[in-house]
Every structure is written in C-alpha cells, then in structure tokens.
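A.B. asks: Take this structure, written in structure tokens, and hold onto it; I'll ask about it next.
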Amino acid sequence: MPRIAPALFSTLMMVAGLMAITGCRKNQPSWTTSQAEAINRLELRLDQLEHRIGQTTPSATDTNSKTPAGPVKSLTFRMESTDGRLRVYWADGSDSDLLCTKEQSTRVQWACG
C-alpha cells in the first residue's frame with residue numbers, strides 16, 4: 001500500500017472540507033426564504049393592527065371631550081370630611097371638576113379622578 005505524502009493528504013482534507021462547507025450552504029437559501037416570508041407575514045399583521053387601532057382610537061382633538069384643549073391656568077383643591085374636589089381652571093376660561101375621596105391609610109391621602 002503506497003504512502004500518501006503529507007502535502008497531498010493536506011490538500012485532500014482541504015478539498016473534503018470545502019465540499020462539506022459547500023454542501024451545507026445549499027440549505028441556507030431555503031432557510032433565509034422562509035425567514036423572509038415570516039417577516040413579511042409579521043409586517044402585514046402589524047399593518048393590520050395599526051389600521052385597526054387607528055380606527056378605534058379617538059383623535060386628540062375630539063370635540064366631545066369634557067377636557068378642553070389648552071393649558072391649565074390654576075388648580076383648586078377643596079376638601080371636606082370624606083369627599084372633596086379638584087377644580088381645574090383652564091386658560092380659555094372654562095373649568096372642570098374632579099371628585100376626590102379620602103383614602104384609608106395611615107397617612108392622609110386623597111384620590112381624585
């Protein structure tokens with residue numbers, strides 16, 4: 001049995017390694033394609049959800065809102081025994097009342113809204 005020279009053996013091993021790497025690379029495009037398809041499906045679903053949210057969310061300039069658009073001029077907090085109110089005075093001259101209740105805790109806390 002003839003002996004293979006070390007240089008020839010190294011060359012054969014390198015060729016075998018390159019063939020193995022080339023064989024593995026053939027599967028990569030199908031994996032990338034399926035991944036791209038999954039991304040496309042997710043983007044489509046995201047667009048659908050954004051469209052649905054856009055239809056159901058009221059706009060920031062809703063005219064039926066009780067809160068006027070614009071800056072707050074001042075606040076007044078009135079507290080009685082168990083109930084109170086927070087009155088908001090708006091820059092346009094209108095006002096809004098928020099009912100407040102005293103919370104049961106060791107400290108004095110009020111919850112308004």
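Each chain in the structure tokens gets a letter, A, B and so on, in the order shown; residues start at 1 in every chain, and ligands are counted from 1 in the order they appear.
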I'd like the neighbourhood of Leu75 (chain A) as a ChimeraX atom specification, where a residue qualifies if any of its atoms comes within 12 Å (using only C-alpha atoms), though same-chain residues fewer than 2 positions away should be ignored.
C.D. replies: /A:71-73,77-78,85-91,95-98
A.B. asks: How far is it from CA of Gln48 (chain A) to CA of Thr32 (chain A), in Å with one decimal?
C.D. replies: 24.4 Å
